[in-house]
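Raw contents of model26.pdb, PDB, C-alpha atoms and all ligand atoms:
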```
MODEL        1
ATOM      1  CA  MET A   6      -1.720 -17.692  12.256
ATOM      2  CA  SER A   7      -2.017 -21.414  12.797
ATOM      3  CA  ALA A   8       0.977 -23.092  14.354
ATOM      4  CA  THR A   9       3.012 -25.998  13.034
ATOM      5  CA  ILE A  10       2.247 -28.958  15.272
ATOM      6  CA  ILE A  11       5.525 -30.475  16.463
ATOM      7  CA  ASP A  12       4.988 -34.229  16.232
ATOM      8  CA  GLY A  13       6.943 -35.616  19.178
ATOM      9  CA  LYS A  14       5.559 -39.090  18.635
ATOM     10  CA  ALA A  15       7.011 -39.260  15.113
ATOM     11  CA  TYR A  16      10.313 -37.640  16.160
ATOM     12  CA  ALA A  17      10.663 -40.099  19.050
ATOM     13  CA  ALA A  18       9.943 -43.051  16.747
ATOM     14  CA  GLY A  19      12.711 -41.853  14.402
ATOM     15  CA  LEU A  20      15.138 -41.441  17.295
ATOM     16  CA  ARG A  21      14.323 -44.923  18.635
ATOM     17  CA  GLY A  22      14.915 -46.277  15.123
ATOM     18  CA  ARG A  23      18.383 -44.680  15.009
ATOM     19  CA  VAL A  24      19.152 -46.053  18.485
ATOM     20  CA  ALA A  25      17.986 -49.524  17.378
ATOM     21  CA  ASP A  26      20.306 -49.408  14.329
ATOM     22  CA  ALA A  27      23.285 -48.505  16.535
ATOM     23  CA  VAL A  28      22.356 -51.201  19.067
ATOM     24  CA  ALA A  29      22.187 -53.804  16.267
ATOM     25  CA  ALA A  30      25.700 -52.807  15.144
ATOM     26  CA  LEU A  31      27.004 -53.168  18.722
ATOM     27  CA  ALA A  32      25.178 -56.473  19.225
ATOM     28  CA  ALA A  33      26.887 -57.821  16.100
ATOM     29  CA  ASN A  34      30.122 -57.352  18.063
ATOM     30  CA  GLY A  35      28.699 -59.124  21.099
ATOM     31  CA  MET A  36      27.889 -55.996  23.083
ATOM     32  CA  VAL A  37      24.240 -55.571  24.101
ATOM     33  CA  PRO A  38      23.523 -52.410  26.133
ATOM     34  CA  GLY A  39      21.517 -52.949  29.326
ATOM     35  CA  LEU A  40      19.197 -50.611  31.258
ATOM     36  CA  ALA A  41      18.191 -51.313  34.862
ATOM     37  CA  VAL A  42      15.024 -49.686  36.161
ATOM     38  CA  VAL A  43      14.238 -49.624  39.873
ATOM     39  CA  LEU A  44      10.598 -49.177  40.849
ATOM     40  CA  VAL A  45       9.677 -48.755  44.509
ATOM     41  CA  GLY A  46       6.065 -48.994  45.680
ATOM     42  CA  GLU A  47       2.727 -49.057  43.931
ATOM     43  CA  ASP A  48       2.302 -45.601  42.373
ATOM     44  CA  PRO A  49       0.067 -46.403  39.354
ATOM     45  CA  ALA A  50       1.578 -43.704  37.086
ATOM     46  CA  SER A  51       5.116 -44.944  37.853
ATOM     47  CA  HIS A  52       4.058 -48.515  37.019
ATOM     48  CA  VAL A  53       2.802 -47.373  33.603
ATOM     49  CA  TYR A  54       6.023 -45.407  32.909
ATOM     50  CA  VAL A  55       8.236 -48.322  33.926
ATOM     51  CA  LYS A  56       6.262 -50.797  31.804
ATOM     52  CA  ASN A  57       6.630 -48.514  28.772
ATOM     53  CA  LYS A  58      10.339 -48.031  29.433
ATOM     54  CA  ALA A  59      10.933 -51.783  29.672
ATOM     55  CA  ARG A  60       8.947 -52.472  26.480
ATOM     56  CA  GLN A  61      10.749 -49.811  24.444
ATOM     57  CA  THR A  62      14.155 -50.857  25.820
ATOM     58  CA  VAL A  63      13.599 -54.378  24.501
ATOM     59  CA  GLU A  64      12.144 -53.057  21.227
ATOM     60  CA  VAL A  65      15.407 -51.229  20.402
ATOM     61  CA  GLY A  66      17.358 -54.415  21.113
ATOM     62  CA  MET A  67      18.710 -53.597  24.564
ATOM     63  CA  ARG A  68      18.456 -55.695  27.701
ATOM     64  CA  SER A  69      15.982 -54.515  30.322
ATOM     65  CA  PHE A  70      16.471 -55.338  33.999
ATOM     66  CA  GLU A  71      13.484 -54.525  36.186
ATOM     67  CA  HIS A  72      13.748 -54.361  39.969
ATOM     68  CA  ARG A  73      10.474 -53.937  41.832
ATOM     69  CA  LEU A  74      10.673 -53.233  45.544
ATOM     70  CA  PRO A  75       7.816 -52.892  48.065
ATOM     71  CA  ALA A  76       6.846 -49.424  49.360
ATOM     72  CA  SER A  77       8.085 -50.529  52.796
ATOM     73  CA  VAL A  78      11.676 -51.042  51.594
ATOM     74  CA  THR A  79      14.409 -49.342  53.636
ATOM     75  CA  GLU A  80      16.853 -46.788  52.306
ATOM     76  CA  THR A  81      19.717 -49.199  52.979
ATOM     77  CA  GLU A  82      18.077 -51.883  50.824
ATOM     78  CA  VAL A  83      17.718 -49.450  47.907
ATOM     79  CA  LEU A  84      21.324 -48.290  48.351
ATOM     80  CA  ASP A  85      22.469 -51.937  48.345
ATOM     81  CA  LEU A  86      20.618 -52.589  45.095
ATOM     82  CA  VAL A  87      22.090 -49.462  43.469
ATOM     83  CA  SER A  88      25.540 -50.556  44.550
ATOM     84  CA  ARG A  89      25.030 -54.023  42.981
ATOM     85  CA  LEU A  90      23.825 -52.414  39.743
ATOM     86  CA  ASN A  91      26.850 -50.065  39.741
ATOM     87  CA  ALA A  92      29.084 -53.137  39.878
ATOM     88  CA  ASP A  93      27.161 -55.217  37.311
ATOM     89  CA  PRO A  94      28.995 -55.182  33.963
ATOM     90  CA  ALA A  95      25.772 -56.033  32.055
ATOM     91  CA  VAL A  96      24.155 -52.804  33.300
ATOM     92  CA  ASP A  97      25.078 -49.657  31.355
ATOM     93  CA  GLY A  98      22.304 -47.396  32.612
ATOM     94  CA  ILE A  99      20.477 -47.155  35.953
ATOM     95  CA  LEU A 100      17.177 -45.389  36.443
ATOM     96  CA  VAL A 101      15.481 -45.167  39.820
ATOM     97  CA  GLN A 102      11.889 -44.166  39.143
ATOM     98  CA  LEU A 103      10.776 -41.108  41.112
ATOM     99  CA  PRO A 104       9.000 -40.281  43.329
ATOM    100  CA  LEU A 105      10.329 -42.548  46.081
ATOM    101  CA  PRO A 106       8.470 -43.243  49.355
ATOM    102  CA  LEU A 107       9.028 -40.668  52.102
ATOM    103  CA  GLN A 108      11.294 -42.878  54.265
ATOM    104  CA  ILE A 109      13.899 -42.787  51.496
ATOM    105  CA  ASP A 110      16.176 -39.802  50.960
ATOM    106  CA  THR A 111      15.880 -39.344  47.192
ATOM    107  CA  GLN A 112      19.025 -37.243  46.883
ATOM    108  CA  LYS A 113      21.053 -39.903  48.694
ATOM    109  CA  ILE A 114      19.885 -42.529  46.196
ATOM    110  CA  ILE A 115      20.614 -40.297  43.192
ATOM    111  CA  GLU A 116      24.108 -39.588  44.484
ATOM    112  CA  ALA A 117      24.756 -43.316  45.006
ATOM    113  CA  ILE A 118      24.352 -44.026  41.275
ATOM    114  CA  ASP A 119      27.626 -44.253  39.347
ATOM    115  CA  PRO A 120      27.665 -41.015  37.250
ATOM    116  CA  ALA A 121      28.829 -43.126  34.288
ATOM    117  CA  LYS A 122      25.536 -45.088  34.525
ATOM    118  CA  ASP A 123      23.324 -42.111  35.448
ATOM    119  CA  VAL A 124      21.276 -42.090  32.233
ATOM    120  CA  ASP A 125      18.659 -39.847  33.913
ATOM    121  CA  GLY A 126      21.309 -37.128  34.280
ATOM    122  CA  PHE A 127      20.158 -36.409  37.848
ATOM    123  CA  HIS A 128      23.493 -36.956  39.634
ATOM    124  CA  PRO A 129      25.109 -33.654  40.719
ATOM    125  CA  ILE A 130      28.210 -34.600  38.684
ATOM    126  CA  ASN A 131      26.130 -34.733  35.492
ATOM    127  CA  ALA A 132      24.100 -31.633  36.456
ATOM    128  CA  GLY A 133      27.430 -29.855  37.054
ATOM    129  CA  ARG A 134      28.813 -31.046  33.736
ATOM    130  CA  LEU A 135      25.796 -29.557  31.979
ATOM    131  CA  MET A 136      26.281 -26.306  33.904
ATOM    132  CA  THR A 137      29.961 -26.105  32.986
ATOM    133  CA  GLY A 138      29.579 -27.187  29.364
ATOM    134  CA  VAL A 139      31.344 -30.535  29.807
ATOM    135  CA  ARG A 140      29.994 -33.668  28.141
ATOM    136  CA  GLY A 141      27.770 -35.738  30.435
ATOM    137  CA  PHE A 142      24.289 -37.193  30.683
ATOM    138  CA  VAL A 143      21.462 -34.698  30.295
ATOM    139  CA  SER A 144      18.055 -35.190  31.899
ATOM    140  CA  CYS A 145      15.812 -36.861  29.309
ATOM    141  CA  THR A 146      12.747 -34.586  29.228
ATOM    142  CA  PRO A 147      14.649 -31.308  28.682
ATOM    143  CA  LEU A 148      16.911 -33.040  26.175
ATOM    144  CA  GLY A 149      13.801 -34.165  24.288
ATOM    145  CA  CYS A 150      12.403 -30.616  24.401
ATOM    146  CA  LEU A 151      15.611 -29.219  22.925
ATOM    147  CA  LEU A 152      15.567 -31.747  20.089
ATOM    148  CA  LEU A 153      11.971 -30.756  19.282
ATOM    149  CA  ILE A 154      12.762 -27.025  19.410
ATOM    150  CA  ARG A 155      15.733 -27.518  17.083
ATOM    151  CA  SER A 156      13.607 -29.586  14.705
ATOM    152  CA  VAL A 157      11.713 -26.389  13.845
ATOM    153  CA  GLN A 158      14.465 -23.804  14.531
ATOM    154  CA  PRO A 159      17.995 -25.183  14.201
ATOM    155  CA  ASN A 160      19.774 -21.958  15.204
ATOM    156  CA  LEU A 161      18.602 -20.570  18.544
ATOM    157  CA  ALA A 162      21.378 -17.990  19.029
ATOM    158  CA  GLY A 163      20.147 -14.694  20.435
ATOM    159  CA  LEU A 164      16.552 -15.824  20.966
ATOM    160  CA  ASP A 165      14.728 -14.982  24.193
ATOM    161  CA  ALA A 166      13.670 -18.158  25.997
ATOM    162  CA  VAL A 167      11.419 -18.417  29.045
ATOM    163  CA  VAL A 168      11.184 -21.639  31.044
ATOM    164  CA  ILE A 169       8.275 -21.791  33.507
ATOM    165  CA  GLY A 170       9.282 -24.188  36.281
ATOM    166  CA  ARG A 171      12.539 -24.599  38.199
ATOM    167  CA  SER A 172      12.666 -28.309  39.038
ATOM    168  CA  ASN A 173      16.000 -30.142  38.992
ATOM    169  CA  ILE A 174      14.514 -32.649  36.526
ATOM    170  CA  VAL A 175      13.096 -30.260  33.922
ATOM    171  CA  GLY A 176      13.228 -26.493  34.516
ATOM    172  CA  LYS A 177      16.858 -25.993  35.544
ATOM    173  CA  PRO A 178      18.460 -28.350  32.979
ATOM    174  CA  MET A 179      16.132 -26.975  30.282
ATOM    175  CA  ALA A 180      17.333 -23.440  31.014
ATOM    176  CA  GLN A 181      20.946 -24.596  30.955
ATOM    177  CA  LEU A 182      20.507 -26.360  27.609
ATOM    178  CA  LEU A 183      18.998 -23.194  26.125
ATOM    179  CA  VAL A 184      21.933 -21.140  27.461
ATOM    180  CA  SER A 185      24.257 -23.635  25.765
ATOM    181  CA  GLN A 186      22.398 -22.807  22.525
ATOM    182  CA  ASN A 187      23.127 -19.096  23.084
ATOM    183  CA  CYS A 188      19.591 -18.143  24.073
ATOM    184  CA  THR A 189      18.907 -15.401  26.599
ATOM    185  CA  VAL A 190      17.089 -17.372  29.260
ATOM    186  CA  THR A 191      14.643 -16.476  32.024
ATOM    187  CA  ILE A 192      13.486 -19.070  34.555
ATOM    188  CA  ALA A 193      10.013 -18.176  35.813
ATOM    189  CA  HIS A 194       8.316 -19.837  38.778
ATOM    190  CA  SER A 195       5.514 -19.504  41.317
ATOM    191  CA  LYS A 196       6.987 -16.304  42.793
ATOM    192  CA  THR A 197       7.618 -14.599  39.452
ATOM    193  CA  ARG A 198       5.865 -11.227  39.154
ATOM    194  CA  ASP A 199       3.907 -10.353  36.006
ATOM    195  CA  LEU A 200       4.309 -13.871  34.636
ATOM    196  CA  LYS A 201       2.123 -13.154  31.626
ATOM    197  CA  ASP A 202       4.340 -10.216  30.579
ATOM    198  CA  VAL A 203       7.492 -12.286  31.120
ATOM    199  CA  CYS A 204       6.074 -15.039  28.896
ATOM    200  CA  ARG A 205       5.037 -12.573  26.209
ATOM    201  CA  ARG A 206       8.702 -11.696  25.653
ATOM    202  CA  ALA A 207       9.622 -15.291  24.831
ATOM    203  CA  ASP A 208      10.611 -16.452  21.353
ATOM    204  CA  ILE A 209      10.762 -19.912  22.955
ATOM    205  CA  LEU A 210       8.376 -20.703  25.791
ATOM    206  CA  VAL A 211       8.735 -23.950  27.743
ATOM    207  CA  ALA A 212       5.950 -24.653  30.252
ATOM    208  CA  ALA A 213       6.782 -27.197  32.965
ATOM    209  CA  VAL A 214       4.568 -26.268  35.894
ATOM    210  CA  GLY A 215       2.029 -29.067  36.206
ATOM    211  CA  ARG A 216      -0.978 -26.720  36.175
ATOM    212  CA  PRO A 217      -3.606 -27.549  33.554
ATOM    213  CA  GLU A 218      -3.839 -24.908  30.791
ATOM    214  CA  MET A 219      -2.258 -22.198  32.915
ATOM    215  CA  VAL A 220      -0.568 -20.589  29.913
ATOM    216  CA  ARG A 221      -3.231 -18.823  27.849
ATOM    217  CA  GLY A 222      -3.121 -17.686  24.235
ATOM    218  CA  ASP A 223      -2.548 -14.032  25.198
ATOM    219  CA  TRP A 224       0.609 -15.011  27.170
ATOM    220  CA  ILE A 225       2.304 -15.968  23.920
ATOM    221  CA  LYS A 226       4.342 -13.746  21.617
ATOM    222  CA  PRO A 227       3.105 -14.061  18.032
ATOM    223  CA  GLY A 228       5.385 -16.495  16.199
ATOM    224  CA  ALA A 229       6.862 -18.063  19.359
ATOM    225  CA  ILE A 230       7.798 -21.741  19.670
ATOM    226  CA  VAL A 231       5.764 -23.251  22.521
ATOM    227  CA  ILE A 232       6.838 -26.451  24.267
ATOM    228  CA  ASP A 233       4.330 -27.966  26.676
ATOM    229  CA  VAL A 234       5.887 -30.340  29.220
ATOM    230  CA  GLY A 235       2.695 -30.627  31.288
ATOM    231  CA  ILE A 236       0.927 -33.967  31.564
ATOM    232  CA  ASN A 237      -2.168 -33.287  33.648
ATOM    233  CA  ARG A 238      -4.867 -35.905  34.030
ATOM    234  CA  ILE A 239      -8.296 -34.340  34.421
ATOM    235  CA  PRO A 240     -11.814 -35.794  34.597
ATOM    236  CA  ASN A 241     -13.513 -36.319  31.235
ATOM    237  CA  PRO A 242     -17.199 -36.859  32.027
ATOM    238  CA  ASP A 243     -18.063 -36.658  28.280
ATOM    239  CA  ALA A 244     -16.286 -40.005  27.813
ATOM    240  CA  GLY A 245     -18.210 -41.566  30.686
ATOM    241  CA  GLU A 246     -18.237 -41.793  34.472
ATOM    242  CA  GLY A 247     -14.754 -41.879  36.008
ATOM    243  CA  ARG A 248     -12.966 -41.384  32.673
ATOM    244  CA  THR A 249     -10.021 -38.990  32.388
ATOM    245  CA  ARG A 250      -8.022 -37.257  29.678
ATOM    246  CA  LEU A 251      -4.595 -35.656  29.445
ATOM    247  CA  ILE A 252      -4.068 -31.945  28.992
ATOM    248  CA  GLY A 253      -0.960 -29.788  29.082
ATOM    249  CA  ASP A 254       0.119 -26.658  30.933
ATOM    250  CA  VAL A 255      -0.773 -24.620  27.831
ATOM    251  CA  ALA A 256      -4.301 -23.832  26.564
ATOM    252  CA  TYR A 257      -3.527 -25.545  23.268
ATOM    253  CA  GLY A 258      -6.424 -24.258  21.128
ATOM    254  CA  GLU A 259      -5.703 -20.624  22.002
ATOM    255  CA  ALA A 260      -1.914 -20.957  21.833
ATOM    256  CA  ALA A 261      -1.963 -22.651  18.420
ATOM    257  CA  GLN A 262      -3.596 -19.493  16.986
ATOM    258  CA  VAL A 263      -0.612 -17.348  18.081
ATOM    259  CA  ALA A 264       2.508 -19.550  18.103
ATOM    260  CA  SER A 265       4.553 -20.497  15.029
ATOM    261  CA  ALA A 266       5.057 -24.039  16.380
ATOM    262  CA  ILE A 267       3.660 -25.934  19.349
ATOM    263  CA  THR A 268       3.827 -29.392  20.921
ATOM    264  CA  PRO A 269       0.493 -31.137  21.554
ATOM    265  CA  VAL A 270      -0.407 -33.100  24.700
ATOM    266  CA  PRO A 271      -0.384 -36.037  24.325
ATOM    267  CA  GLY A 272       2.020 -36.735  21.461
ATOM    268  CA  GLY A 273       4.504 -33.910  21.999
ATOM    269  CA  VAL A 274       7.196 -33.966  24.679
ATOM    270  CA  GLY A 275       5.953 -37.159  26.397
ATOM    271  CA  PRO A 276       7.248 -39.736  23.882
ATOM    272  CA  MET A 277      10.623 -37.966  23.729
ATOM    273  CA  THR A 278      11.541 -38.739  27.343
ATOM    274  CA  ILE A 279      11.897 -42.505  26.872
ATOM    275  CA  ALA A 280      13.510 -42.087  23.435
ATOM    276  CA  CYS A 281      16.177 -39.841  25.027
ATOM    277  CA  LEU A 282      16.612 -42.318  27.875
ATOM    278  CA  LEU A 283      17.418 -45.026  25.312
ATOM    279  CA  ARG A 284      19.783 -42.647  23.528
ATOM    280  CA  ASN A 285      21.560 -41.918  26.826
ATOM    281  CA  THR A 286      21.793 -45.649  27.593
ATOM    282  CA  LEU A 287      23.360 -46.299  24.193
ATOM    283  CA  GLU A 288      25.856 -43.519  24.862
ATOM    284  CA  ALA A 289      26.626 -44.928  28.320
ATOM    285  CA  ALA A 290      27.299 -48.351  26.778
ATOM    286  CA  CYS A 291      29.581 -46.895  24.108
ATOM    287  CA  LEU A 292      31.523 -44.798  26.629
ATOM    288  CA  ARG A 293      31.873 -47.591  29.204
ATOM    289  CA  ARG A 294      32.675 -50.435  26.853
ATOM    290  CA  GLY A 295      34.056 -48.543  23.860
TER
HETATM  291  N1  LIG B   1       9.552 -39.669  37.368
HETATM  292  C1  LIG B   1       8.968 -38.831  36.479
HETATM  293  N2  LIG B   1       9.806 -38.564  35.451
HETATM  294  C2  LIG B   1      10.958 -39.238  35.715
HETATM  295  C3  LIG B   1      12.185 -39.368  35.016
HETATM  296  O1  LIG B   1      12.420 -38.778  33.949
HETATM  297  N3  LIG B   1      13.110 -40.162  35.613
HETATM  298  C4  LIG B   1      12.880 -40.790  36.791
HETATM  299  N4  LIG B   1      13.864 -41.527  37.293
HETATM  300  N5  LIG B   1      11.749 -40.692  37.455
HETATM  301  C5  LIG B   1      10.791 -39.927  36.922
ENDMDL
END
```

Please, can you express the file's structure as structure tokens?
Amino acid sequence: MSATIIDGKAYAAGLRGRVADAVAALAANGMVPGLAVVLVGEDPASHVYVKNKARQTVEVGMRSFEHRLPASVTETEVLDLVSRLNADPAVDGILVQLPLPLQIDTQKIIEAIDPAKDVDGFHPINAGRLMTGVRGFVSCTPLGCLLLIRSVQPNLAGLDAVVIGRSNIVGKPMAQLLVSQNCTVTIAHSKTRDLKDVCRRADILVAAVGRPEMVRGDWIKPGAIVIDVGINRIPNPDAGEGRTRLIGDVAYGEAAQVASAITPVPGGVGPMTIACLLRNTLEAACLRRG
């Protein structure tokens, strides 16, 4: 069997197009949604993410507000900025790029964001809404994964799903979203016994562990849908000294022989995160100003 390749790049472009159409309709009535992104410190990967977010925010017609703070900033200064953004009527969505420097209590910052502007879906109010089946903002990466899964299998009821990884940002909300789709869900993690056997039971396998190609072809049930959240940068000496390339948490070549559908890395889940962020920001603007 050779799997269908789930083209996240194309899906994300379509989603951004639909967001842009809705933004244009709002703008015609004088309402332009705004997204504020807070970047603390000099982490190179975070700088790249934030640049891409700002570019795509403007491309769909929204306003982008970037706040760059030095790595030495105090927790109080970040809290003050969040509080100003909460009060700013031009700001519909607030995203504080993670990770934050060690002197800052990340949870305190997340909980300071107005849940109505929490387009990352990280605030406990929004996490709790997801858990209890109430409408709220859902973390962008798992939301993107669900959209991709449903693009190849619209009805997930009764399917066995395994999520490898239990982070608050991906693993836990992913599992909750799959429960909301009536899947039978297992969350696997570093202490899970017989991980390979657990994975082999999955009709839907979501890998979010951050370990390059950990999931091998013989971990996959024939015909499963495989979603690879991993973005691991590894050396690529073939391309020259010091060059790197991206690979996922799944051994793609092996897995594509067994799965019915699979996301590539890059070009799978990655582009969906920002597209879902823009979708959440549009929703925040509609709910706040509607
Ligand atoms: N760092 C890595 N991914 C994310 C994300 O989705 N949101 C935020 N705020 N920070 C991140």

Practice prompt. Show which residues sit within 8 Å of region 151-153 of chain A, as an NGL selection string. Count only C-alpha atoms, and ignore same-chain residues fewer than 2 positions away.
Written response: :A and (11 or 13 or 16 or 147-149 or 155-157 or 179 or 182-183 or 274)

Practice prompt. Give me, please, the distance in Å between CA of Gly228 (chain A) and CA of Arg205 (chain A), quoted to one decimal.
Written response: 10.8 Å

Specify the axis-aligned box that encloses all atoms of ligand LIG 1 (chain B) listed in the file after padding of 8 Å on each side, stating its centre and edge lengths in Å to one decimal as AutoDock Vina command-line options.
```
--center_x 11.4 --center_y -40.0 --center_z 35.7 --size_x 20.9 --size_y 19.0 --size_z 19.5
```

Practice prompt. Specify as a ChimeraX atom specification each residue included when the PyMOL selection byres (((chain A and resi 165) around 6) and not hetatm) is applied to this file.
Written response: /A:164,166,188-189,207-208

Item to complete: Could you tell me, counting all atoms listed in the file, which protein and nucleic acid residues lie no more than 10 Å from ligand LIG 1 (chain B), written as a VMD selection string?
Response: chain A and resid 42 to 44 50 to 51 54 to 55 99 to 105 115 123 to 127 144 to 147 174 to 175 275 278 to 279 281 to 282

Discussion item. Taking the file as I've supplied it (selection: the PyMOL selection byres (((chain A and resi 248-261) around 6) and not hetatm)), which residues are included? Please answer as a PyMOL selection string.
Written reply: chain A and resi 7-8+216-222+235-241+245-247+262-264+270

Residues of the last selection are to be written out with C-alpha atoms, as a PDB file, in the coordinates of the input.
```
ATOM      1  CA  SER A   7      -2.017 -21.414  12.797  1.00  0.00           C
ATOM      2  CA  ALA A   8       0.977 -23.092  14.354  1.00  0.00           C
ATOM      3  CA  ARG A 216      -0.978 -26.720  36.175  1.00  0.00           C
ATOM      4  CA  PRO A 217      -3.606 -27.549  33.554  1.00  0.00           C
ATOM      5  CA  GLU A 218      -3.839 -24.908  30.791  1.00  0.00           C
ATOM      6  CA  MET A 219      -2.258 -22.198  32.915  1.00  0.00           C
ATOM      7  CA  VAL A 220      -0.568 -20.589  29.913  1.00  0.00           C
ATOM      8  CA  ARG A 221      -3.231 -18.823  27.849  1.00  0.00           C
ATOM      9  CA  GLY A 222      -3.121 -17.686  24.235  1.00  0.00           C
ATOM     10  CA  GLY A 235       2.695 -30.627  31.288  1.00  0.00           C
ATOM     11  CA  ILE A 236       0.927 -33.967  31.564  1.00  0.00           C
ATOM     12  CA  ASN A 237      -2.168 -33.287  33.648  1.00  0.00           C
ATOM     13  CA  ARG A 238      -4.867 -35.905  34.030  1.00  0.00           C
ATOM     14  CA  ILE A 239      -8.296 -34.340  34.421  1.00  0.00           C
ATOM     15  CA  PRO A 240     -11.814 -35.794  34.597  1.00  0.00           C
ATOM     16  CA  ASN A 241     -13.513 -36.319  31.235  1.00  0.00           C
ATOM     17  CA  GLY A 245     -18.210 -41.566  30.686  1.00  0.00           C
ATOM     18  CA  GLU A 246     -18.237 -41.793  34.472  1.00  0.00           C
ATOM     19  CA  GLY A 247     -14.754 -41.879  36.008  1.00  0.00           C
ATOM     20  CA  GLN A 262      -3.596 -19.493  16.986  1.00  0.00           C
ATOM     21  CA  VAL A 263      -0.612 -17.348  18.081  1.00  0.00           C
ATOM     22  CA  ALA A 264       2.508 -19.550  18.103  1.00  0.00           C
ATOM     23  CA  VAL A 270      -0.407 -33.100  24.700  1.00  0.00           C
TER      24      VAL A 270
END
```

Worksheet entry | Hits of the PyMOL selection byres (((chain A and resi 210) around 7) and not hetatm) in this structure, as an MDAnalysis selection string | chainID A and resid 166:168 204 207:209 211:212 230:232

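Ranking A:Val65, A:Gly138, A:Gly295, A:Arg89 by their shortest atom-to-atom distance to Ala117 (chain A), with all atoms listed in the file included, puts A:Arg89 first.
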
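Among the candidates A:Thr197, A:Gln108, A:Ser185, A:Asn160, the one nearest to Thr137 (chain A) when counting only C-alpha atoms is A:Ser185.
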
Worksheet item: Counting all atoms listed in the file, what is within 9 Å of region 19-23 of chain A, bar same-chain residues fewer than 3 positions away, as a ChimeraX atom specification?
Response: /A:14-16,26-28,61,64-65,277,279-281,283-284

Discussion item. Measuring between all atoms listed in the file, which one of A:Ser77, A:Leu107, A:Ala95, A:Ala213 shows the shortest distance to Gly35 (chain A)?
Written reply: A:Ala95
